[in-house]
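S.K.: Below is start_6.cif; it holds mmCIF, C-alpha atoms and all ligand atoms.
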```
data_protein
#
loop_
_atom_site.label_atom_id
_atom_site.label_comp_id
_atom_site.auth_asym_id
_atom_site.auth_seq_id
_atom_site.Cartn_x
_atom_site.Cartn_y
_atom_site.Cartn_z
CA MET A 1074 12.37 19.85 213.47
CA ALA A 1075 12.08 21.15 209.94
CA PHE A 1076 15.88 20.91 209.60
CA SER A 1077 16.01 17.21 210.46
CA LEU A 1078 13.02 16.59 208.19
CA ARG A 1079 14.93 18.23 205.37
CA ILE A 1080 18.01 16.10 206.09
CA ARG A 1081 15.91 12.99 206.21
CA ARG A 1082 14.36 13.94 202.83
CA TYR A 1083 17.87 14.54 201.31
CA LEU A 1084 19.08 11.25 202.78
CA VAL A 1085 16.21 9.31 201.15
CA ILE A 1086 16.81 11.03 197.79
CA PHE A 1087 20.54 10.25 198.10
CA LEU A 1088 19.88 6.60 198.91
CA ILE A 1089 17.37 6.18 196.04
CA THR A 1090 19.70 7.77 193.46
CA GLY A 1091 22.63 5.70 194.78
CA TRP A 1092 20.53 2.57 194.53
CA ALA A 1093 19.33 3.50 191.01
CA ILE A 1094 22.93 4.12 189.80
CA SER A 1095 24.20 0.83 191.22
CA LEU A 1096 21.20 -1.00 189.71
CA ALA A 1097 21.89 0.58 186.28
CA TYR A 1098 25.58 -0.27 186.58
CA PHE A 1099 24.77 -3.87 187.51
CA LEU A 1100 22.22 -4.25 184.69
CA LEU A 1101 24.58 -2.73 182.16
CA HIS A 1102 27.51 -4.92 183.09
CA SER A 1103 25.60 -8.08 183.81
CA LYS A 1104 24.14 -7.91 180.20
CA LYS A 1105 27.59 -7.80 178.59
CA PRO A 1106 29.13 -11.15 179.41
CA ARG A 1107 32.60 -10.58 180.77
CA GLN A 1108 34.96 -11.54 177.91
CA PRO A 1109 37.23 -14.27 179.14
CA PRO A 1110 40.85 -13.51 178.24
CA GLU A 1111 41.54 -14.78 174.69
CA ALA A 1112 41.92 -18.51 175.30
CA PRO A 1113 44.73 -19.91 173.06
CA VAL A 1114 43.22 -21.98 170.22
CA ARG A 1115 43.63 -25.68 170.97
CA LEU A 1116 45.74 -27.52 168.32
CA TYR A 1117 45.32 -31.22 167.63
CA ARG A 1118 48.42 -33.25 166.67
CA ASP A 1119 48.26 -36.53 164.80
CA ASN A 1120 51.02 -38.63 163.21
CA ARG A 1121 51.36 -41.67 161.01
CA LEU A 1122 54.09 -43.65 159.22
CA LEU A 1123 53.44 -43.34 155.48
CA MET A 1124 55.68 -43.52 152.38
CA GLY A 1125 58.56 -44.72 154.56
CA THR A 1126 58.57 -41.58 156.64
CA PHE A 1127 56.81 -39.93 159.61
CA TRP A 1128 53.91 -37.61 158.81
CA GLU A 1129 52.56 -35.15 161.37
CA VAL A 1130 49.39 -33.06 161.10
CA VAL A 1131 48.75 -30.07 163.40
CA SER A 1132 45.41 -28.26 163.20
CA PRO A 1133 42.68 -26.59 165.31
CA ARG A 1134 40.29 -29.03 163.61
CA LYS A 1135 40.56 -32.55 165.02
CA GLU A 1136 39.38 -34.20 161.80
CA SER A 1137 42.35 -32.85 159.79
CA GLY A 1138 44.67 -35.79 160.63
CA PRO A 1139 42.39 -38.60 159.42
CA ILE A 1140 41.52 -36.60 156.26
CA VAL A 1141 45.23 -36.10 155.40
CA PHE A 1142 46.31 -39.68 156.16
CA THR A 1143 43.45 -41.25 154.14
CA GLU A 1144 44.35 -39.18 151.06
CA VAL A 1145 48.12 -39.76 151.43
CA LYS A 1146 47.53 -43.53 151.72
CA ARG A 1147 45.46 -43.39 148.50
CA ILE A 1148 48.35 -41.69 146.69
CA GLU A 1149 50.94 -44.04 148.22
CA ASN A 1150 48.95 -46.99 146.82
CA LEU A 1151 49.30 -45.45 143.35
CA LEU A 1152 52.88 -44.13 143.35
CA SER A 1153 54.97 -46.30 145.70
CA LYS A 1154 57.64 -48.47 144.07
CA TYR A 1155 57.77 -50.30 147.44
CA LEU A 1156 54.19 -51.63 147.11
CA PRO A 1157 54.01 -54.50 144.58
CA ASP A 1158 50.47 -53.65 143.38
CA SER A 1159 50.91 -49.90 142.98
CA GLU A 1160 50.57 -48.39 139.50
CA VAL A 1161 54.28 -47.53 139.52
CA SER A 1162 55.21 -51.15 140.33
CA LEU A 1163 52.82 -52.48 137.64
CA LEU A 1164 54.38 -50.06 135.11
CA ASN A 1165 57.94 -50.96 136.21
CA ARG A 1166 57.15 -54.65 135.67
CA ALA A 1167 55.16 -54.39 132.42
CA GLY A 1168 56.74 -51.34 130.78
CA LYS A 1169 53.28 -50.14 129.75
CA LEU A 1170 50.20 -49.07 131.77
CA LYS A 1171 46.87 -47.31 131.41
CA ALA A 1172 47.32 -44.98 134.40
CA THR A 1173 44.74 -43.23 136.60
CA PRO A 1174 44.60 -39.44 136.12
CA ASP A 1175 46.62 -38.81 139.34
CA THR A 1176 49.52 -41.05 138.28
CA PHE A 1177 49.47 -39.71 134.72
CA TYR A 1178 49.52 -36.13 136.04
CA VAL A 1179 52.59 -36.81 138.23
CA LEU A 1180 54.46 -38.41 135.32
CA LYS A 1181 53.58 -35.45 133.07
CA ARG A 1182 54.85 -32.94 135.68
CA ALA A 1183 57.97 -35.08 136.25
CA LYS A 1184 58.74 -34.98 132.52
CA GLU A 1185 58.31 -31.18 132.55
CA PHE A 1186 60.82 -30.85 135.42
CA TRP A 1187 63.20 -33.15 133.52
CA GLN A 1188 62.94 -30.76 130.54
CA GLU A 1189 63.28 -27.58 132.65
CA SER A 1190 66.24 -28.95 134.62
CA SER A 1191 68.05 -30.22 131.46
CA GLY A 1192 67.78 -33.77 132.74
CA ALA A 1193 68.95 -33.19 136.34
CA PHE A 1194 65.53 -34.16 137.74
CA ASP A 1195 64.91 -37.62 136.28
CA ILE A 1196 62.39 -40.19 137.58
CA THR A 1197 63.86 -42.92 135.32
CA ILE A 1198 66.77 -42.97 137.80
CA ALA A 1199 65.36 -46.07 139.55
CA PRO A 1200 67.86 -48.65 138.11
CA LEU A 1201 70.76 -46.53 139.46
CA VAL A 1202 69.07 -45.95 142.87
CA GLU A 1203 68.81 -49.75 143.13
CA LEU A 1204 72.33 -50.36 141.85
CA TRP A 1205 73.79 -48.15 144.64
CA GLY A 1206 71.57 -49.99 147.18
CA PHE A 1207 69.49 -47.00 148.30
CA THR A 1208 66.18 -48.79 147.80
CA GLY A 1209 66.69 -51.38 150.48
CA GLN A 1210 69.50 -49.60 152.40
CA LYS A 1211 71.93 -52.34 151.18
CA TYR A 1212 74.59 -49.85 150.09
CA ASN A 1213 77.42 -50.87 147.75
CA LEU A 1214 79.89 -49.43 145.24
CA PRO A 1215 78.80 -50.75 141.81
CA SER A 1216 81.30 -51.45 139.00
CA GLU A 1217 81.87 -48.92 136.20
CA ASP A 1218 80.34 -51.35 133.68
CA SER A 1219 77.12 -51.84 135.69
CA ILE A 1220 76.73 -48.05 136.00
CA LYS A 1221 77.24 -47.66 132.22
CA ALA A 1222 74.64 -50.38 131.57
CA ALA A 1223 72.09 -48.77 133.90
CA LEU A 1224 72.67 -45.31 132.34
CA LYS A 1225 71.37 -46.67 129.00
CA LEU A 1226 67.90 -46.98 130.67
CA VAL A 1227 67.91 -43.43 132.10
CA GLY A 1228 66.28 -40.36 130.52
CA CYS A 1229 62.65 -39.17 130.47
CA ASP A 1230 62.79 -38.96 126.68
CA LYS A 1231 62.45 -42.77 126.89
CA ILE A 1232 58.98 -42.42 128.51
CA ILE A 1233 56.06 -42.06 126.06
CA LEU A 1234 52.91 -40.39 127.47
CA HIS A 1235 49.73 -40.96 125.39
CA GLU A 1236 47.55 -38.01 126.56
CA LYS A 1237 44.38 -39.25 124.81
CA ASP A 1238 44.02 -42.38 126.95
CA ASN A 1239 46.50 -41.89 129.85
CA VAL A 1240 48.68 -44.75 128.63
CA VAL A 1241 52.33 -44.62 129.73
CA GLU A 1242 54.95 -46.59 127.81
CA PHE A 1243 58.70 -47.24 128.31
CA LYS A 1244 60.81 -47.36 125.14
CA PHE A 1245 63.19 -50.03 126.49
CA PRO A 1246 62.73 -53.17 128.61
CA GLY A 1247 64.35 -52.88 132.07
CA MET A 1248 63.42 -49.18 132.45
CA LYS A 1249 61.97 -48.26 135.86
CA ILE A 1250 60.72 -45.07 137.53
CA ASP A 1251 61.17 -43.83 141.09
CA LEU A 1252 58.90 -40.98 142.30
CA GLY A 1253 60.83 -40.44 145.54
CA ALA A 1254 61.56 -36.81 144.64
CA ILE A 1255 58.06 -35.71 143.63
CA GLY A 1256 55.49 -38.18 145.03
CA LYS A 1257 55.45 -36.88 148.60
CA GLY A 1258 54.94 -33.34 147.38
CA PHE A 1259 52.06 -34.44 145.17
CA ALA A 1260 50.47 -36.34 148.08
CA VAL A 1261 50.71 -33.23 150.29
CA ASP A 1262 49.02 -31.08 147.63
CA CYS A 1263 46.22 -33.66 147.25
CA ALA A 1264 45.67 -33.72 151.03
CA VAL A 1265 45.53 -29.89 151.18
CA LYS A 1266 42.89 -29.91 148.42
CA ILE A 1267 40.68 -32.32 150.44
CA LEU A 1268 41.14 -30.25 153.63
CA LYS A 1269 39.91 -27.15 151.77
CA GLU A 1270 36.93 -29.10 150.37
CA ASN A 1271 36.07 -29.91 154.02
CA GLY A 1272 36.17 -26.23 154.93
CA ILE A 1273 39.43 -26.54 156.90
CA ASP A 1274 41.59 -23.43 156.53
CA SER A 1275 44.30 -23.89 159.16
CA CYS A 1276 46.65 -26.89 159.20
CA LEU A 1277 50.37 -27.74 159.18
CA ILE A 1278 51.42 -30.94 157.39
CA ASN A 1279 54.94 -32.28 157.94
CA ALA A 1280 55.85 -35.17 155.65
CA GLY A 1281 59.29 -36.15 156.86
CA GLY A 1282 60.59 -32.62 156.45
CA GLN A 1283 58.42 -31.66 153.49
CA ILE A 1284 56.03 -29.08 155.00
CA TYR A 1285 52.81 -27.43 153.88
CA ALA A 1286 51.34 -24.56 155.93
CA LEU A 1287 47.64 -24.15 155.14
CA GLY A 1288 46.27 -20.74 156.15
CA ASP A 1289 47.62 -19.34 159.39
CA LYS A 1290 47.74 -20.37 163.04
CA SER A 1291 45.01 -18.31 164.77
CA GLY A 1292 46.06 -15.11 162.99
CA SER A 1293 49.83 -15.52 162.74
CA CYS A 1294 51.94 -17.37 160.16
CA TRP A 1295 53.07 -20.91 160.83
CA LYS A 1296 56.70 -20.84 162.02
CA VAL A 1297 58.94 -23.60 160.57
CA ALA A 1298 62.50 -24.25 161.76
CA ILE A 1299 65.20 -25.14 159.20
CA GLN A 1300 67.84 -27.62 160.35
CA ASP A 1301 71.52 -27.13 159.54
CA PRO A 1302 72.42 -30.49 157.93
CA ARG A 1303 75.90 -30.75 159.33
CA ARG A 1304 75.56 -29.29 162.79
CA GLN A 1305 72.13 -30.83 163.46
CA GLU A 1306 70.95 -27.50 164.91
CA ILE A 1307 68.33 -24.95 163.87
CA SER A 1308 69.88 -22.65 161.29
CA GLY A 1309 66.87 -20.40 160.72
CA THR A 1310 63.07 -20.16 160.80
CA LEU A 1311 60.54 -19.48 158.06
CA GLU A 1312 57.08 -17.93 158.42
CA LEU A 1313 54.69 -19.67 156.03
CA LYS A 1314 51.09 -19.20 154.95
CA ASP A 1315 49.61 -21.29 152.08
CA GLN A 1316 53.12 -22.34 151.04
CA SER A 1317 55.28 -25.43 151.07
CA VAL A 1318 58.92 -25.89 152.04
CA SER A 1319 61.02 -28.85 150.95
CA THR A 1320 64.68 -29.66 151.63
CA SER A 1321 66.89 -32.08 149.72
CA GLY A 1322 70.31 -32.92 151.02
CA ASP A 1323 73.17 -35.34 151.20
CA TYR A 1324 72.57 -36.04 154.89
CA GLU A 1325 69.24 -37.88 154.80
CA GLN A 1326 70.25 -41.16 153.22
CA PHE A 1327 73.95 -41.75 152.60
CA PHE A 1328 76.87 -44.06 153.27
CA PHE A 1329 80.61 -43.56 153.61
CA LYS A 1330 83.17 -45.70 151.77
CA ASP A 1331 86.90 -45.05 152.04
CA GLY A 1332 86.13 -41.68 153.66
CA LYS A 1333 83.87 -40.53 150.80
CA ARG A 1334 80.13 -39.74 151.29
CA TYR A 1335 77.67 -41.24 148.78
CA CYS A 1336 74.09 -39.84 149.05
CA HIS A 1337 70.71 -41.01 147.70
CA ILE A 1338 70.39 -38.32 145.05
CA ILE A 1339 71.96 -39.52 141.80
CA ASN A 1340 73.34 -37.48 138.92
CA PRO A 1341 71.52 -38.89 135.85
CA LYS A 1342 74.43 -37.87 133.58
CA SER A 1343 77.27 -39.62 135.46
CA GLY A 1344 75.27 -42.32 137.25
CA TYR A 1345 77.06 -41.40 140.49
CA PRO A 1346 75.58 -39.93 143.70
CA VAL A 1347 75.61 -36.15 143.46
CA ASN A 1348 78.72 -34.40 144.67
CA SER A 1349 77.95 -30.83 143.64
CA GLY A 1350 79.61 -29.08 146.56
CA ILE A 1351 76.34 -28.28 148.32
CA THR A 1352 74.94 -30.07 151.36
CA SER A 1353 71.30 -29.02 151.17
CA VAL A 1354 68.76 -27.06 149.15
CA THR A 1355 65.62 -25.63 150.77
CA ILE A 1356 62.85 -24.45 148.46
CA VAL A 1357 59.70 -22.47 149.38
CA ALA A 1358 56.95 -22.67 146.74
CA ASP A 1359 53.18 -22.35 146.42
CA SER A 1360 52.80 -26.10 145.79
CA ALA A 1361 54.45 -28.98 147.62
CA LEU A 1362 55.02 -30.85 144.34
CA GLU A 1363 57.02 -27.92 142.94
CA ALA A 1364 59.03 -27.51 146.17
CA ASP A 1365 59.76 -31.25 146.27
CA ALA A 1366 60.91 -31.56 142.65
CA LEU A 1367 62.90 -28.30 142.59
CA SER A 1368 64.82 -29.05 145.80
CA THR A 1369 66.10 -32.26 144.19
CA ALA A 1370 66.76 -30.67 140.79
CA VAL A 1371 68.75 -27.76 142.26
CA PHE A 1372 70.69 -30.17 144.49
CA VAL A 1373 71.76 -32.14 141.38
CA LEU A 1374 72.57 -29.00 139.33
CA GLY A 1375 74.68 -27.28 142.00
CA LYS A 1376 74.65 -23.56 142.90
CA GLU A 1377 75.20 -21.74 139.56
CA LYS A 1378 73.04 -23.92 137.30
CA GLY A 1379 70.52 -24.36 140.13
CA GLU A 1380 70.09 -20.57 140.41
CA GLU A 1381 69.72 -20.44 136.59
CA LEU A 1382 66.88 -22.99 136.80
CA LEU A 1383 65.15 -21.07 139.61
CA LYS A 1384 64.93 -17.95 137.39
CA LYS A 1385 62.18 -19.86 135.51
CA PHE A 1386 60.14 -20.03 138.79
CA PRO A 1387 59.85 -16.39 139.99
CA ARG A 1388 57.48 -17.20 142.89
CA VAL A 1389 59.92 -19.71 144.38
CA THR A 1390 62.57 -18.81 147.00
CA ALA A 1391 65.57 -20.98 147.74
CA ARG A 1392 68.35 -21.39 150.26
CA ILE A 1393 71.39 -23.31 149.03
CA LEU A 1394 73.85 -24.42 151.72
P1 LIG B 1 64.27 -35.91 147.50
O1 LIG B 1 65.46 -35.11 147.17
O2 LIG B 1 62.93 -35.27 147.44
O3 LIG B 1 64.20 -37.25 146.73
C1 LIG B 1 65.32 -38.11 146.67
C2 LIG B 1 64.77 -39.40 146.16
O4 LIG B 1 64.41 -39.24 144.78
C3 LIG B 1 65.82 -40.48 146.22
O5 LIG B 1 65.62 -41.22 147.43
C4 LIG B 1 65.48 -41.31 144.98
O6 LIG B 1 64.39 -42.16 145.31
C5 LIG B 1 65.01 -40.28 143.98
N1 LIG B 1 66.06 -39.65 143.18
C6 LIG B 1 67.41 -39.79 143.32
N2 LIG B 1 68.06 -39.04 142.38
C7 LIG B 1 67.09 -38.42 141.64
C8 LIG B 1 67.10 -37.53 140.53
N3 LIG B 1 68.26 -37.10 139.99
N4 LIG B 1 65.92 -37.10 140.03
C9 LIG B 1 64.74 -37.54 140.55
N5 LIG B 1 64.65 -38.40 141.60
C10 LIG B 1 65.82 -38.82 142.14
N6 LIG B 1 60.95 -45.15 151.44
C11 LIG B 1 61.03 -46.26 152.24
O7 LIG B 1 62.09 -46.50 152.83
N7 LIG B 1 59.97 -47.10 152.42
C12 LIG B 1 58.78 -46.88 151.77
O8 LIG B 1 57.83 -47.65 151.94
C13 LIG B 1 58.65 -45.73 150.92
N8 LIG B 1 57.49 -45.49 150.27
C14 LIG B 1 57.40 -44.39 149.45
C15 LIG B 1 56.21 -44.13 148.74
C16 LIG B 1 56.09 -43.01 147.93
C17 LIG B 1 54.82 -42.75 147.18
C18 LIG B 1 57.19 -42.10 147.82
C19 LIG B 1 57.07 -40.87 146.96
C20 LIG B 1 58.38 -42.36 148.48
C21 LIG B 1 58.49 -43.50 149.30
N9 LIG B 1 59.66 -43.79 149.98
C22 LIG B 1 59.77 -44.89 150.79
C23 LIG B 1 60.87 -43.04 149.67
C24 LIG B 1 61.23 -42.13 150.71
O9 LIG B 1 60.06 -41.40 151.01
C25 LIG B 1 62.36 -41.27 150.06
O10 LIG B 1 63.51 -41.51 150.76
C26 LIG B 1 61.96 -39.91 150.04
O11 LIG B 1 60.95 -39.79 149.05
C27 LIG B 1 63.11 -39.02 149.72
O12 LIG B 1 62.56 -37.77 149.73
P2 LIG B 1 63.44 -36.54 150.20
O13 LIG B 1 62.54 -35.36 150.22
O14 LIG B 1 64.19 -36.91 151.40
O15 LIG B 1 64.51 -36.41 149.04
MG MG B 2 61.97 -33.90 147.81
#
```
Take the structure in this file and express it as structure tokens.

M.R.:
Amino acid sequence: MAFSLRIRRYLVIFLITGWAISLAYFLLHSKKPRQPPEAPVRLYRDNRLLMGTFWEVVSPRKESGPIVFTEVKRIENLLSKYLPDSEVSLLNRAGKLKATPDTFYVLKRAKEFWQESSGAFDITIAPLVELWGFTGQKYNLPSEDSIKAALKLVGCDKIILHEKDNVVEFKFPGMKIDLGAIGKGFAVDCAVKILKENGIDSCLINAGGQIYALGDKSGSCWKVAIQDPRRQEISGTLELKDQSVSTSGDYEQFFFKDGKRYCHIINPKSGYPVNSGITSVTIVADSALEADALSTAVFVLGKEKGEELLKKFPRVTARIL
């Protein structure tokens, strides 16, 4: 009798302790919510046609697209030679303009790149771009005389910048500017500035091949593929964070005549489309404006002189194909 009593007593103690342990285990684990496996961060994609090219915005914040496109449109309305009422078009018609700070800043930076690149980067190239038909894709081979005449209007030394009141003046009638090689980069930098002001720290902007990677993509760098211009395949990838990559090449806008390729980047010294033995220049820089302008300048200068120029920009990396 006593034996079974003792067993019963042990059994009860065993059951109570078992119950208490399972209760404690349940309470402990039910408090800590079970962490769901790291859900991949959702990325929003948005694209728009602006400045004659496709823009794409990728970001974990849905509002990034509209913020970028609104700012880029504002800059396009200032700098586009294709819009009749832009500041650039007003200046190209009148030869003199009191510019807004944004436009004046771009012209100042453009003149600096003209200086640094010994005239290879030159926004006064517009008369030649038009002469070769690259503005409206009506390509043609101009006569020697018409090239010589247009060359007389080329050279940033012919642009006068009055810093005190943001007035821009051309020295000769008929001069025109074309911001095709720096305006997109500037627009990207302006958009990045507005994203940051809105507290957005992760976004990829692709402006027709000109890329800016803001921050990182949920902890890892943004990965950007580089296209091989001739074989139309991926020839490498870059990992970017708070940097811009820009490529200039002879394969974006060009035409063939009698078996010879004529591209949209013009040598301001000869007046002819560049034929410097390179097919593309890819530049990685902290700002999109710098990447944009330098990729064009190095493309015009060719490998040796281009590498000389890049020594003045130690934070910039380049790939010359
Ligand atoms: P880059 O190498 O960056 O620039 C080449 C362009 O720069 C050439 O197309 C020419 O315009 C100019 N350029 C040529 N030689 C030189 C030189 N030696 N130095 C400096 N510049 C030179 N295109 C359209 O078809 N429709 C549009 O409505 C339109 N709107 C635009 C609005 C803005 C504000 C800007 C900046 C460009 C616009 N474009 C438009 C132009 C189009 O975006 C260009 O083809 C593009 O800018 C070329 O850029 P890229 O990076 O391919 O080449
Ligand atoms: Mg460019």

S.K.: Return as a list in words the residues of protein, DNA or RNA that approach ligand MG 2 (chain B) to within 10 Å, with all atoms listed in the file taken into account.

M.R.: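 Using all atoms listed in the file, everything at most 10 Å from ligand MG 2 (chain B) comes to Leu1252, Gly1253, Ala1254, Ile1255, Gly1256, Lys1257, Gly1258, Gly1281, Gly1282, Gln1283, Val1318, Ser1319, Thr1320, Ser1321, Gly1322, Ile1338, Val1354, Thr1355, Ile1356, Ala1361, Leu1362, Glu1363, Ala1364, Asp1365, Ala1366, Leu1367, Ser1368, Thr1369 and Ala1370 of chain A.
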
S.K.: Could you turn the residues from that selection into a file that holds C-alpha atoms, as a PDB file, in the frame of the given file?

M.R.:
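Below is the file that was written, selection-v2.pdb:
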```
ATOM      1  CA  LEU A1252      58.900 -40.980 142.300  1.00  0.00           C
ATOM      2  CA  GLY A1253      60.830 -40.440 145.540  1.00  0.00           C
ATOM      3  CA  ALA A1254      61.560 -36.810 144.640  1.00  0.00           C
ATOM      4  CA  ILE A1255      58.060 -35.710 143.630  1.00  0.00           C
ATOM      5  CA  GLY A1256      55.490 -38.180 145.030  1.00  0.00           C
ATOM      6  CA  LYS A1257      55.450 -36.880 148.600  1.00  0.00           C
ATOM      7  CA  GLY A1258      54.940 -33.340 147.380  1.00  0.00           C
ATOM      8  CA  GLY A1281      59.290 -36.150 156.860  1.00  0.00           C
ATOM      9  CA  GLY A1282      60.590 -32.620 156.450  1.00  0.00           C
ATOM     10  CA  GLN A1283      58.420 -31.660 153.490  1.00  0.00           C
ATOM     11  CA  VAL A1318      58.920 -25.890 152.040  1.00  0.00           C
ATOM     12  CA  SER A1319      61.020 -28.850 150.950  1.00  0.00           C
ATOM     13  CA  THR A1320      64.680 -29.660 151.630  1.00  0.00           C
ATOM     14  CA  SER A1321      66.890 -32.080 149.720  1.00  0.00           C
ATOM     15  CA  GLY A1322      70.310 -32.920 151.020  1.00  0.00           C
ATOM     16  CA  ILE A1338      70.390 -38.320 145.050  1.00  0.00           C
ATOM     17  CA  VAL A1354      68.760 -27.060 149.150  1.00  0.00           C
ATOM     18  CA  THR A1355      65.620 -25.630 150.770  1.00  0.00           C
ATOM     19  CA  ILE A1356      62.850 -24.450 148.460  1.00  0.00           C
ATOM     20  CA  ALA A1361      54.450 -28.980 147.620  1.00  0.00           C
ATOM     21  CA  LEU A1362      55.020 -30.850 144.340  1.00  0.00           C
ATOM     22  CA  GLU A1363      57.020 -27.920 142.940  1.00  0.00           C
ATOM     23  CA  ALA A1364      59.030 -27.510 146.170  1.00  0.00           C
ATOM     24  CA  ASP A1365      59.760 -31.250 146.270  1.00  0.00           C
ATOM     25  CA  ALA A1366      60.910 -31.560 142.650  1.00  0.00           C
ATOM     26  CA  LEU A1367      62.900 -28.300 142.590  1.00  0.00           C
ATOM     27  CA  SER A1368      64.820 -29.050 145.800  1.00  0.00           C
ATOM     28  CA  THR A1369      66.100 -32.260 144.190  1.00  0.00           C
ATOM     29  CA  ALA A1370      66.760 -30.670 140.790  1.00  0.00           C
TER      30      ALA A1370
END
```

S.K.: Could you pull the residues within 8 Å of region 1127-1142 of chain A, counting all atoms listed in the file, minus those fewer than 5 positions along the same chain, as a ChimeraX atom specification?

M.R.: /A:1114-1122,1264-1265,1267-1268,1273,1275-1281

S.K.: Find, counting all atoms listed in the file, the residue in A:Thr1208, A:Thr1310, A:Ser1216, A:Gln1188 that gets nearest to ligand LIG 1 (chain B).

M.R.: A:Thr1208

S.K.: Give me the residues within 10 Å of region 1209-1215 of chain A as a list in words, counting only C-alpha atoms and dropping any in the same chain fewer than 6 places off.

M.R.: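 So, after excluding close chain neighbours, the residues are Tyr1155, Leu1201, Val1202, Glu1203, Gln1326, Phe1327, Phe1328, Phe1329, Lys1330, Tyr1335, His1337 and Tyr1345 of chain A.
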
S.K.: Would you export the selected residues with C-alpha atoms as a tab-separated table (two decimals), in the coordinates of the input, please?

M.R.:
```
chain	number	residue	atom	x	y	z
A	1155	TYR	CA	57.77	-50.30	147.44
A	1201	LEU	CA	70.76	-46.53	139.46
A	1202	VAL	CA	69.07	-45.95	142.87
A	1203	GLU	CA	68.81	-49.75	143.13
A	1326	GLN	CA	70.25	-41.16	153.22
A	1327	PHE	CA	73.95	-41.75	152.60
A	1328	PHE	CA	76.87	-44.06	153.27
A	1329	PHE	CA	80.61	-43.56	153.61
A	1330	LYS	CA	83.17	-45.70	151.77
A	1335	TYR	CA	77.67	-41.24	148.78
A	1337	HIS	CA	70.71	-41.01	147.70
A	1345	TYR	CA	77.06	-41.40	140.49
```

S.K.: Could you check how far CA of Ser1293 (chain A) sits from CA of Thr1143 (chain A), in Å to one decimal?

M.R.: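 Distance between the two atoms: 27.9 Å.
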